[in-house]
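Asks: Please see the structure below; I have some questions.
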Amino acid sequence: MRWSQMFIPTLRDDPADAVAPSHRLLIRGGFIRQLMAGSYSMLPLGMRVATKVSDIIREEMNAIGGQEFLAPVIHPAELWKTTGRWDDVEGIMVKFEDRRGIDLVLALTHEEVFAHLASEISSYKELPQLWYHLQTKFRDEARPKSGLLRVREFIMKDSYSLDRDRDGLDRQFEAHRGAYNRIFTRLGLDSIAVEASSGNMGGSDSVEFVVRSETGEDRVARCGRCGYSANLERAVSLVEEIEDTPWGGEPQPFATPGIRTIAGLAEVGEFAAAERQIKTLAYMVGDEFTLVVLRGDHDLEVQKLADSVGEAVRTATEEEIVAKLGAHPGSLGAVGVLYPVVADHALKGRTNLVTGANEDDVHIRGVDVDRDLPVTKWLDLRTVNDGERCGSCGEGALSVTNVIEVGHIFKLGTKYSQALGANVLDETGRPTPIVMGSYGIGVGRAMAAVVEVSHDDRGIIWPVSVAPFTVVITLLRPDNPGVAEAGDRLYRDLVEVGLDVLLDDRKERPGVKFADSELIGIPYRLTVGPRGLEAGEVELTARDGWLRENLPILQVTERLVGLMS
RNA sequence: CGGGCUGUGGCGCAGCUUGGUUAGCGCGCCUGCUUUGGGAGCAGGAGGCCGUCGGUUCAAAUCCGACCAGCCCGACCA
C-alpha cells in the first residue's frame with residue numbers, strides 16, 4: 001500500500017476531548033473517528049488492526065473446535081421476554097418497533113439467539129457443540145468514555161458452548177480459558193484471569209481476563225503469596241477483629257445536631273470512632289425496602305449485595321427513606337426496625353456501637369449487634385481494601401490495582417436452554433436441558449488495551465501480530481529516481497515474502513514522515529534516502545527502539561524474514 | 001440519573017465580561033519558487049449557517065430563554 005493513496009488522517013495535536021492514551025493515539029493516528037457518544041468508525045488503519053485481532057481470535061476459537069456463525073443484530077422482543085431479560089436489562093437495551101408494530105431490540109449479546117438455534121439439537125449424540133460469531137452489540141451505556149474502552153456499539157466475539165452435562169461444560173470452560181490465554185498472549189497483552197461476578201448473566205462460575213492499566217475501570221485484588229486474584233466485586237479479605245469495650249446497659253440516644261456523616265460522628269468522641277459505628281444504607285431489593293449495615297469504616301460492594309440476594313437492587317430514594325424510617329440519610333439506623341436487615345460479617349458479635357436513631361440529629365450509643373439489630377441475613381458485603389490480608393491463604397497481603405476487562409467467560413448452566421426449550425434426549429429417552437457456557441471478547445476494547453500498555457510519548461507501539469503494517473518503507477526523497485526505484489523494489493520483495501508493507505511515498509519532509517510512522521506505530525521502518533543508497537544501504541529501525549542498523553539493500557528481505565520468526 | 005465544563009473553517013484555540021467595520025490566530029489544505037536524514041522558508045489563495053430554535057435590540061458570535069450535542073467527576077454497567 002502506498003501511503004500517498006491511503007486515507008490516514010493523522011493529527012499533529014491531541015484532540016481536545018480525549019484523555020485516555022489509547023483514545024488520544026487512536027484518534028491522532030487516524031485509526032478511528034467518533035460518530036456520536038460511544039460510537040466510532042473504524043478507518044482503514046483501524047480496520048486492519050481489528051481484522052488482525054479478529055483473525056487471531058478466529059484461529060484460537062477454531063483450534064478448540066469452534067464453528068463460526070453470524071447471528072442477526074436485531075432481535076424480536078419475544079425472544080428476550082421468554083428468558084425474562086426484556087425486563088431485567090431495562091435501561092441499556094434499545095427497543096423499537098417495525099412497521100407492523102412488533103417490538104424489536106438491538107442485540108446486547110446473543111445467548112437467546114444461540115439457545116434458540118440450539119433447540120434444533122434433539123439428541124445428546126450431537127453434543128458437544130461450540131458455536132461463535134463476531135458481531136455488533138449495542139448497549140446504551142449511561143456513560144460511554146475513553147474512546148474504544150467503553151462504548152455503546154462494539155464488535156464482540158461471543159461463543160456459546162453446548163453440552164449434555166456439567167462435566168462437558170467444565171471441559172469447554174477450561175478449553176476457553178486456554179484459548180483466551182493464547183489469544184491475549186498473541187495480542188501482546190499480559191492478561192490475568194480473575195474470579196468475577198456473573199452479574200445478571202446468571203449461572204455459576206465466571207472468570208474475567210484483565211490487563212493491568214491505570215485507565216482501567218475495574219479493580220482487582222491479587223495476593224502476592226498464593227496467587228489468589230478476584231474482581232473487587234467478589235474479592236474477600238480477612239478483617240482484623242476489634243476489641244469492644246463493654247457497655248452493658250440499654251442503648252442510649254444522644255443529640256447530634258447537624259451530624260450527617262461517619263467522619264462527622266467520629267469527631268464526637270473515642271466511643272464513636274468510625275470502626276465503632278454501624279453504617280446503615282437503605283436499598284430496594286427487588287420490591288422490598290431493606291437496610292444494609294456494615295462497619296462504619298467499611299464500604300459496601302453493591303455487586304456482592306446483588307449477587308447474594310439474587311435480585312435487582314437500587315439505592316432507595318430520599319423520599320422512600322423518609323417515608324419508611326422517618327429520618328433523612330445521616331441519621332439512619334437498624335435498631336428495632338421492622339424491615340429486612342442484611343449485615344456484613346464484620347459486624348457479627350460487636351457490642352457498644354453507635355448508629356443513627358431514625359430521628360434527624362439523633363444517634364444511639366451502646367448498641368449490641370446481636371441483641372439490638374433484627375438481622376435477617378449475614379452476608380459478605382464489604383469492599384476489600386489494598387493491603388488487607390488475603391481471604392484465600394490467610395497470610396499474603398492483597399494488592400488492589402486498576403485493570404481493563406478484555407474477556408469474560410461464564411458457566412451459564414441451563415437458564416437459557418430451559419427458557420427456550422433447548423433440550424436433548426439422553427440415553428434413557430428423557431428430555432434434558434442443554435448445559436450452556438458463554439464467552440466474550442470485545443475486539444475494539446482489546447485493540448485499545450494493547451495501545452494502553454504499549455505506547456510512548458511519540459505514539460503507539462504495535463506488536464507485530466496486530467500492527468496495521470509490519471514494516472514501513474520511508475522514502476526520504478521520493479522524487480529522487482534512485483530512491484523511488486529502490487523503494488519500489490524493496491516493496492515488491494517484501495510483499496513477495498508475505499509481509500504487510502506500507503510505502504511512504506508522500507512528498508513530505510523527513511521529519512513529518514518519521515513522526516507519522518512512529519505515531520501510527522509500525523513495528524519496523526526501512527529508511528531509504530540518497531545518502532544511504534550511495535553505499536547501497538538502507539537503515540532498519542524497530543519502533544520500540546531495540547534495533548537500529550544500516551544494512552545492504554540486498555540483505556533486507558532476509559533480515560526481516562529472520563526477525564519475523 | 002446528579003454535579004461541573006464546553007460547543008467559533010479539517011485540528012487546536014482567541015474574540016463574548018462592556019452588543020456596532022469584512023470574525024481573528026496557529027497547524028493543516030491548494031498554487032508557485034526555494035528547501036529536503038527529525039514536524040521548513042517566502043509569496044499568493046481556498047475554506048466559517050459562530051451547535052439549534054426562539055427572544056431582547058436600530059444592530060447579536062457577544063445579552064436572555066429553551067433545546068441539542070460532546071467531555072470530565074460520581075451513580076450505574078452482561
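In the C-alpha cells, chains take letters A, B, ... by order of appearance, with residues numbered from 1 within each chain and ligands from 1 in the order shown.
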Where does DSSP see alpha helix (DSSP H) in stretch 161-278 of chain A, if you list the residues as a list in words?

Replies: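 Filtering stretch 161-278 of chain A to alpha helix (DSSP H) leaves Arg166, Asp167, Gly168, Leu169, Asp170, Arg171, Gln172, Phe173, Glu174, Ala175, His176, Arg177, Gly178, Ala179, Tyr180, Asn181, Arg182, Ile183, Phe184, Thr185, Arg186, Ile262, Ala263, Gly264, Leu265 and Ala266 of chain A.
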
Asks: If we count only C-alpha atoms (C1' of nucleotides), which residues of chain B reach to within 9 Å of chain A? Please list them as a list in words.

Replies: C1, C11, G12, C27, G28, U36, G37, G38, G39, A40, A69, G70, C71, C76, C77 and A78 of chain B

Asks: With N, CA and C atoms (P, O5', C5', C4', C3', O3' and C1' of nucleotides) kept, could you save the residues just selected as an mmCIF file, in the first residue's frame?

Replies:
data_model
loop_
_atom_site.group_PDB
_atom_site.id
_atom_site.type_symbol
_atom_site.label_atom_id
_atom_site.label_comp_id
_atom_site.auth_asym_id
_atom_site.auth_seq_id
_atom_site.Cartn_x
_atom_site.Cartn_y
_atom_site.Cartn_z
ATOM 1 P P C B 1 -31.998 10.900 32.039
ATOM 2 O "O5'" C B 1 -31.515 10.898 33.543
ATOM 3 C "C5'" C B 1 -32.483 10.913 34.570
ATOM 4 C "C4'" C B 1 -31.764 10.817 35.877
ATOM 5 C "C3'" C B 1 -30.872 11.998 36.221
ATOM 6 O "O3'" C B 1 -31.599 13.087 36.743
ATOM 7 C "C1'" C B 1 -29.714 9.988 36.666
ATOM 8 P P C B 11 -12.686 19.205 13.202
ATOM 9 O "O5'" C B 11 -11.187 19.266 13.718
ATOM 10 C "C5'" C B 11 -10.482 18.065 14.033
ATOM 11 C "C4'" C B 11 -9.120 18.397 14.590
ATOM 12 C "C3'" C B 11 -9.113 19.398 15.726
ATOM 13 O "O3'" C B 11 -9.422 18.820 16.976
ATOM 14 C "C1'" C B 11 -7.482 20.027 14.145
ATOM 15 P P G B 12 -10.112 19.737 18.087
ATOM 16 O "O5'" G B 12 -8.935 20.716 18.516
ATOM 17 C "C5'" G B 12 -7.765 20.197 19.143
ATOM 18 C "C4'" G B 12 -6.797 21.313 19.432
ATOM 19 C "C3'" G B 12 -7.381 22.486 20.206
ATOM 20 O "O3'" G B 12 -7.468 22.219 21.593
ATOM 21 C "C1'" G B 12 -6.102 23.283 18.396
ATOM 22 P P C B 27 1.630 28.175 11.364
ATOM 23 O "O5'" C B 27 0.991 26.728 11.514
ATOM 24 C "C5'" C B 27 1.650 25.720 12.272
ATOM 25 C "C4'" C B 27 0.787 24.490 12.389
ATOM 26 C "C3'" C B 27 0.406 23.811 11.077
ATOM 27 O "O3'" C B 27 1.442 23.007 10.547
ATOM 28 C "C1'" C B 27 -1.493 23.972 12.468
ATOM 29 P P G B 28 1.610 22.889 8.976
ATOM 30 O "O5'" G B 28 0.263 22.196 8.510
ATOM 31 C "C5'" G B 28 0.015 20.823 8.842
ATOM 32 C "C4'" G B 28 -1.387 20.448 8.422
ATOM 33 C "C3'" G B 28 -1.712 20.637 6.947
ATOM 34 O "O3'" G B 28 -1.260 19.549 6.166
ATOM 35 C "C1'" G B 28 -3.440 21.557 8.243
ATOM 36 P P U B 36 18.605 21.350 0.616
ATOM 37 O "O5'" U B 36 17.742 20.286 1.430
ATOM 38 C "C5'" U B 36 17.451 20.509 2.813
ATOM 39 C "C4'" U B 36 16.409 19.515 3.272
ATOM 40 C "C3'" U B 36 16.862 18.068 3.158
ATOM 41 O "O3'" U B 36 16.447 17.341 4.308
ATOM 42 C "C1'" U B 36 14.850 18.372 1.961
ATOM 43 P P G B 37 17.472 17.114 5.494
ATOM 44 O "O5'" G B 37 16.577 16.222 6.454
ATOM 45 C "C5'" G B 37 16.371 14.859 6.168
ATOM 46 C "C4'" G B 37 16.832 14.037 7.334
ATOM 47 C "C3'" G B 37 18.134 14.529 7.961
ATOM 48 O "O3'" G B 37 18.068 14.313 9.366
ATOM 49 C "C1'" G B 37 18.403 12.325 7.166
ATOM 50 P P G B 38 17.346 15.494 10.295
ATOM 51 O "O5'" G B 38 15.812 15.104 10.105
ATOM 52 C "C5'" G B 38 14.842 16.108 9.799
ATOM 53 C "C4'" G B 38 13.810 16.152 10.904
ATOM 54 C "C3'" G B 38 14.292 16.782 12.209
ATOM 55 O "O3'" G B 38 13.190 17.432 12.825
ATOM 56 C "C1'" G B 38 13.620 14.581 12.620
ATOM 57 P P G B 39 12.824 18.936 12.284
ATOM 58 O "O5'" G B 39 11.529 18.595 11.457
ATOM 59 C "C5'" G B 39 10.444 17.951 12.097
ATOM 60 C "C4'" G B 39 9.196 18.234 11.327
ATOM 61 C "C3'" G B 39 8.686 19.668 11.437
ATOM 62 O "O3'" G B 39 7.997 19.931 10.220
ATOM 63 C "C1'" G B 39 7.059 18.184 12.279
ATOM 64 P P A B 40 8.709 20.821 9.108
ATOM 65 O "O5'" A B 40 9.121 22.177 9.823
ATOM 66 C "C5'" A B 40 8.740 23.404 9.238
ATOM 67 C "C4'" A B 40 9.940 24.063 8.607
ATOM 68 C "C3'" A B 40 9.605 25.376 7.919
ATOM 69 O "O3'" A B 40 9.565 26.430 8.863
ATOM 70 C "C1'" A B 40 10.964 24.045 6.505
ATOM 71 P P A B 69 -29.034 14.944 22.469
ATOM 72 O "O5'" A B 69 -27.548 15.296 22.022
ATOM 73 C "C5'" A B 69 -27.146 15.111 20.671
ATOM 74 C "C4'" A B 69 -25.777 15.702 20.464
ATOM 75 C "C3'" A B 69 -24.705 15.197 21.420
ATOM 76 O "O3'" A B 69 -24.193 13.943 21.017
ATOM 77 C "C1'" A B 69 -24.581 17.545 21.266
ATOM 78 P P G B 70 -23.684 12.930 22.148
ATOM 79 O "O5'" G B 70 -22.292 13.562 22.567
ATOM 80 C "C5'" G B 70 -21.222 13.594 21.636
ATOM 81 C "C4'" G B 70 -20.106 14.456 22.151
ATOM 82 C "C3'" G B 70 -19.513 14.049 23.495
ATOM 83 O "O3'" G B 70 -18.604 12.978 23.365
ATOM 84 C "C1'" G B 70 -19.866 16.384 23.461
ATOM 85 P P C B 71 -18.352 12.034 24.634
ATOM 86 O "O5'" C B 71 -17.419 12.937 25.561
ATOM 87 C "C5'" C B 71 -16.108 13.300 25.145
ATOM 88 C "C4'" C B 71 -15.495 14.238 26.141
ATOM 89 C "C3'" C B 71 -15.442 13.733 27.576
ATOM 90 O "O3'" C B 71 -14.344 12.872 27.793
ATOM 91 C "C1'" C B 71 -16.273 15.934 27.555
ATOM 92 P P C B 76 -23.497 2.466 42.292
ATOM 93 O "O5'" C B 76 -24.065 2.209 40.822
ATOM 94 C "C5'" C B 76 -25.464 2.047 40.597
ATOM 95 C "C4'" C B 76 -25.739 1.972 39.122
ATOM 96 C "C3'" C B 76 -25.130 0.773 38.394
ATOM 97 O "O3'" C B 76 -25.915 -0.390 38.521
ATOM 98 C "C1'" C B 76 -24.680 2.738 37.176
ATOM 99 P P C B 77 -25.181 -1.828 38.565
ATOM 100 O "O5'" C B 77 -24.632 -1.959 37.085
ATOM 101 C "C5'" C B 77 -25.515 -2.038 35.980
ATOM 102 C "C4'" C B 77 -24.721 -2.093 34.708
ATOM 103 C "C3'" C B 77 -23.717 -3.229 34.626
ATOM 104 O "O3'" C B 77 -24.336 -4.420 34.180
ATOM 105 C "C1'" C B 77 -22.690 -1.203 33.972
ATOM 106 P P A B 78 -23.869 -5.841 34.722
ATOM 107 O "O5'" A B 78 -23.211 -6.526 33.452
ATOM 108 C "C5'" A B 78 -22.252 -7.530 33.710
ATOM 109 C "C4'" A B 78 -22.117 -8.355 32.471
ATOM 110 C "C3'" A B 78 -21.731 -7.531 31.243
ATOM 111 O "O3'" A B 78 -20.846 -8.271 30.415
ATOM 112 C "C1'" A B 78 -23.745 -8.679 30.850
#

Asks: Need the shell around B:G3: protein/DNA/RNA residues with any atom at most 12 Å away, counting only C-alpha atoms (C1' of nucleotides). Skip same-chain ones fewer than 5 positions apart. Format as a count of residues only?

Replies: 4

Asks: Please provide as a list in words all residues within 8 Å of stretch 60-63 of chain B, with the sequence filter that same-chain residues fewer than 3 positions apart are discarded (counting only C-alpha atoms (C1' of nucleotides)).

Replies: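 Residues near the query, excluding close chain neighbours: U8, C16, G19, A23, C50 and U56 of chain B.
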
Asks: Atoms to include: C-alpha atoms (C1' of nucleotides). Write the selected residues as an mmCIF file, in the first residue's frame.

Replies:
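Contents of part.cif, freshly written:
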data_model
loop_
_atom_site.group_PDB
_atom_site.id
_atom_site.type_symbol
_atom_site.label_atom_id
_atom_site.label_comp_id
_atom_site.auth_asym_id
_atom_site.auth_seq_id
_atom_site.Cartn_x
_atom_site.Cartn_y
_atom_site.Cartn_z
ATOM 1 C "C1'" U B 8 -16.481 29.664 16.627
ATOM 2 C "C1'" C B 16 -18.200 37.048 24.438
ATOM 3 C "C1'" G B 19 -23.537 44.172 21.532
ATOM 4 C "C1'" A B 23 -14.996 37.158 12.851
ATOM 5 C "C1'" C B 50 -20.141 31.322 15.230
ATOM 6 C "C1'" U B 56 -34.361 41.403 23.574
#

Asks: If you count only C-alpha atoms (C1' of nucleotides), which residues fall within 9 Å of A:Leu43, apart from same-chain ones fewer than 5 positions away, as a JSON list (two decimals) with all heavy atoms, in the first residue's frame?

Replies:
[["chain", "number", "residue", "atom", "x", "y", "z"],
["A", 7, "PHE", "N", -6.02, 6.55, 3.10],
["A", 7, "PHE", "CA", -6.65, 7.54, 3.98],
["A", 7, "PHE", "C", -6.16, 7.33, 5.41],
["A", 7, "PHE", "O", -6.64, 6.45, 6.12],
["A", 7, "PHE", "CB", -8.17, 7.40, 3.89],
["A", 7, "PHE", "CG", -8.90, 8.43, 4.72],
["A", 7, "PHE", "CD1", -8.77, 9.78, 4.45],
["A", 7, "PHE", "CD2", -9.71, 8.03, 5.77],
["A", 7, "PHE", "CE1", -9.43, 10.74, 5.21],
["A", 7, "PHE", "CE2", -10.39, 8.97, 6.54],
["A", 7, "PHE", "CZ", -10.25, 10.32, 6.26],
["A", 8, "ILE", "N", -5.15, 8.13, 5.79],
["A", 8, "ILE", "CA", -4.61, 8.05, 7.15],
["A", 8, "ILE", "C", -4.56, 9.47, 7.71],
["A", 8, "ILE", "O", -3.54, 10.14, 7.66],
["A", 8, "ILE", "CB", -3.18, 7.45, 7.15],
["A", 8, "ILE", "CG1", -3.15, 6.13, 6.39],
["A", 8, "ILE", "CG2", -2.71, 7.25, 8.59],
["A", 8, "ILE", "CD1", -1.77, 5.51, 6.28],
["A", 30, "GLY", "N", -5.21, 8.35, 13.22],
["A", 30, "GLY", "CA", -6.09, 8.10, 12.09],
["A", 30, "GLY", "C", -6.62, 6.67, 12.04],
["A", 30, "GLY", "O", -6.85, 6.13, 10.96],
["A", 31, "PHE", "N", -6.83, 6.06, 13.20],
["A", 31, "PHE", "CA", -7.38, 4.70, 13.26],
["A", 31, "PHE", "C", -8.90, 4.72, 13.39],
["A", 31, "PHE", "O", -9.59, 3.84, 12.88],
["A", 31, "PHE", "CB", -6.80, 3.93, 14.45],
["A", 31, "PHE", "CG", -5.34, 3.61, 14.33],
["A", 31, "PHE", "CD1", -4.37, 4.55, 14.64],
["A", 31, "PHE", "CD2", -4.92, 2.36, 13.89],
["A", 31, "PHE", "CE1", -3.02, 4.25, 14.52],
["A", 31, "PHE", "CE2", -3.58, 2.05, 13.76],
["A", 31, "PHE", "CZ", -2.62, 3.00, 14.07],
["A", 32, "ILE", "N", -9.40, 5.70, 14.15],
["A", 32, "ILE", "CA", -10.83, 5.75, 14.43],
["A", 32, "ILE", "C", -11.33, 7.20, 14.39],
["A", 32, "ILE", "O", -10.54, 8.13, 14.52],
["A", 32, "ILE", "CB", -11.17, 5.18, 15.84],
["A", 32, "ILE", "CG1", -10.41, 5.96, 16.92],
["A", 32, "ILE", "CG2", -10.83, 3.70, 15.91],
["A", 32, "ILE", "CD1", -10.84, 5.62, 18.34],
["A", 33, "ARG", "N", -12.62, 7.35, 14.20],
["A", 33, "ARG", "CA", -13.26, 8.66, 14.34],
["A", 33, "ARG", "C", -14.59, 8.45, 15.03],
["A", 33, "ARG", "O", -15.31, 7.48, 14.76],
["A", 33, "ARG", "CB", -13.49, 9.30, 12.97],
["A", 33, "ARG", "CG", -12.25, 9.90, 12.33],
["A", 33, "ARG", "CD", -11.71, 11.09, 13.13],
["A", 33, "ARG", "NE", -10.56, 11.72, 12.49],
["A", 33, "ARG", "CZ", -9.28, 11.40, 12.72],
["A", 33, "ARG", "NH1", -8.98, 10.46, 13.60],
["A", 33, "ARG", "NH2", -8.31, 12.03, 12.09],
["A", 48, "ARG", "N", -7.58, -2.51, 9.74],
["A", 48, "ARG", "CA", -6.52, -3.52, 9.57],
["A", 48, "ARG", "C", -6.16, -4.14, 10.90],
["A", 48, "ARG", "O", -5.96, -5.36, 10.99],
["A", 48, "ARG", "CB", -5.28, -2.89, 8.92],
["A", 48, "ARG", "CG", -5.50, -2.46, 7.48],
["A", 48, "ARG", "CD", -4.21, -1.93, 6.87],
["A", 48, "ARG", "NE", -3.23, -2.99, 6.66],
["A", 48, "ARG", "CZ", -3.06, -3.64, 5.51],
["A", 48, "ARG", "NH1", -3.81, -3.32, 4.46],
["A", 48, "ARG", "NH2", -2.17, -4.60, 5.40]]

Asks: Excluding same-chain residues fewer than 3 positions from B:C25, what lies within 12 Å of it counting only C-alpha atoms (C1' of nucleotides), as a ChimeraX atom specification?

Replies: /B:12-15

Asks: For the strand (DSSP E or B) assignment from backbone DSSP, which residues of stretch 242-448 of chain A qualify? Please present them as a PyMOL selection string.

Replies: chain A and resi 252-255+277-285+288-295+300+313-315+341-344+353-359+362-367+377-379+382+389-390+397-413+423-425+431-433+435-442

Asks: Hey, what's within 10 Å of A:Leu305 if we count only C-alpha atoms (C1' of nucleotides) and toss same-chain stuff fewer than 6 positions away? As a list in words, please?

Replies: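 The neighbour list is Glu233, Tyr283, Val285, Val292, Glu311, Ala312, Val313, Val342, Asp344, Leu379, Asp380, Leu381 and Arg382 of chain A.
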
Asks: Using only C-alpha atoms, please write the residues we just selected to a file, as a PDB file, in the first residue's frame.

Replies:
ATOM      1  CA  GLU A 233     -16.997  -7.336  43.061  1.00  0.00           C
ATOM      2  CA  TYR A 283     -31.745  -0.180  49.387  1.00  0.00           C
ATOM      3  CA  VAL A 285     -34.011  -5.231  46.976  1.00  0.00           C
ATOM      4  CA  VAL A 292     -27.877  -2.796  54.676  1.00  0.00           C
ATOM      5  CA  GLU A 311     -32.379  -9.735  42.793  1.00  0.00           C
ATOM      6  CA  ALA A 312     -32.033  -6.316  41.244  1.00  0.00           C
ATOM      7  CA  VAL A 313     -31.010  -3.758  43.836  1.00  0.00           C
ATOM      8  CA  VAL A 342     -28.785  -7.569  55.860  1.00  0.00           C
ATOM      9  CA  ASP A 344     -21.874  -7.675  56.807  1.00  0.00           C
ATOM     10  CA  LEU A 379     -23.509 -11.685  54.112  1.00  0.00           C
ATOM     11  CA  ASP A 380     -20.113 -10.705  52.789  1.00  0.00           C
ATOM     12  CA  LEU A 381     -20.829  -7.182  51.619  1.00  0.00           C
ATOM     13  CA  ARG A 382     -17.752  -5.067  52.167  1.00  0.00           C
TER      14      ARG A 382
END

Asks: Find the distance between atom CA of A:His133 and atom CA of A:Asp190 and write it in Å to one decimal.

Replies: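 It comes out at 24.5 Å.
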
Asks: Take atom C1' of B:C67 and atom CA of A:Leu148 and report the distance between them in Å, one decimal.

Replies: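 These two atoms are separated by 28.9 Å.
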
Asks: To one decimal place, how far is atom CA of A:Ala419 from atom CA of A:Thr83 in Å?

Replies: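 We find that atom CA of A:Ala419 and atom CA of A:Thr83 lie 5.4 Å from each other.
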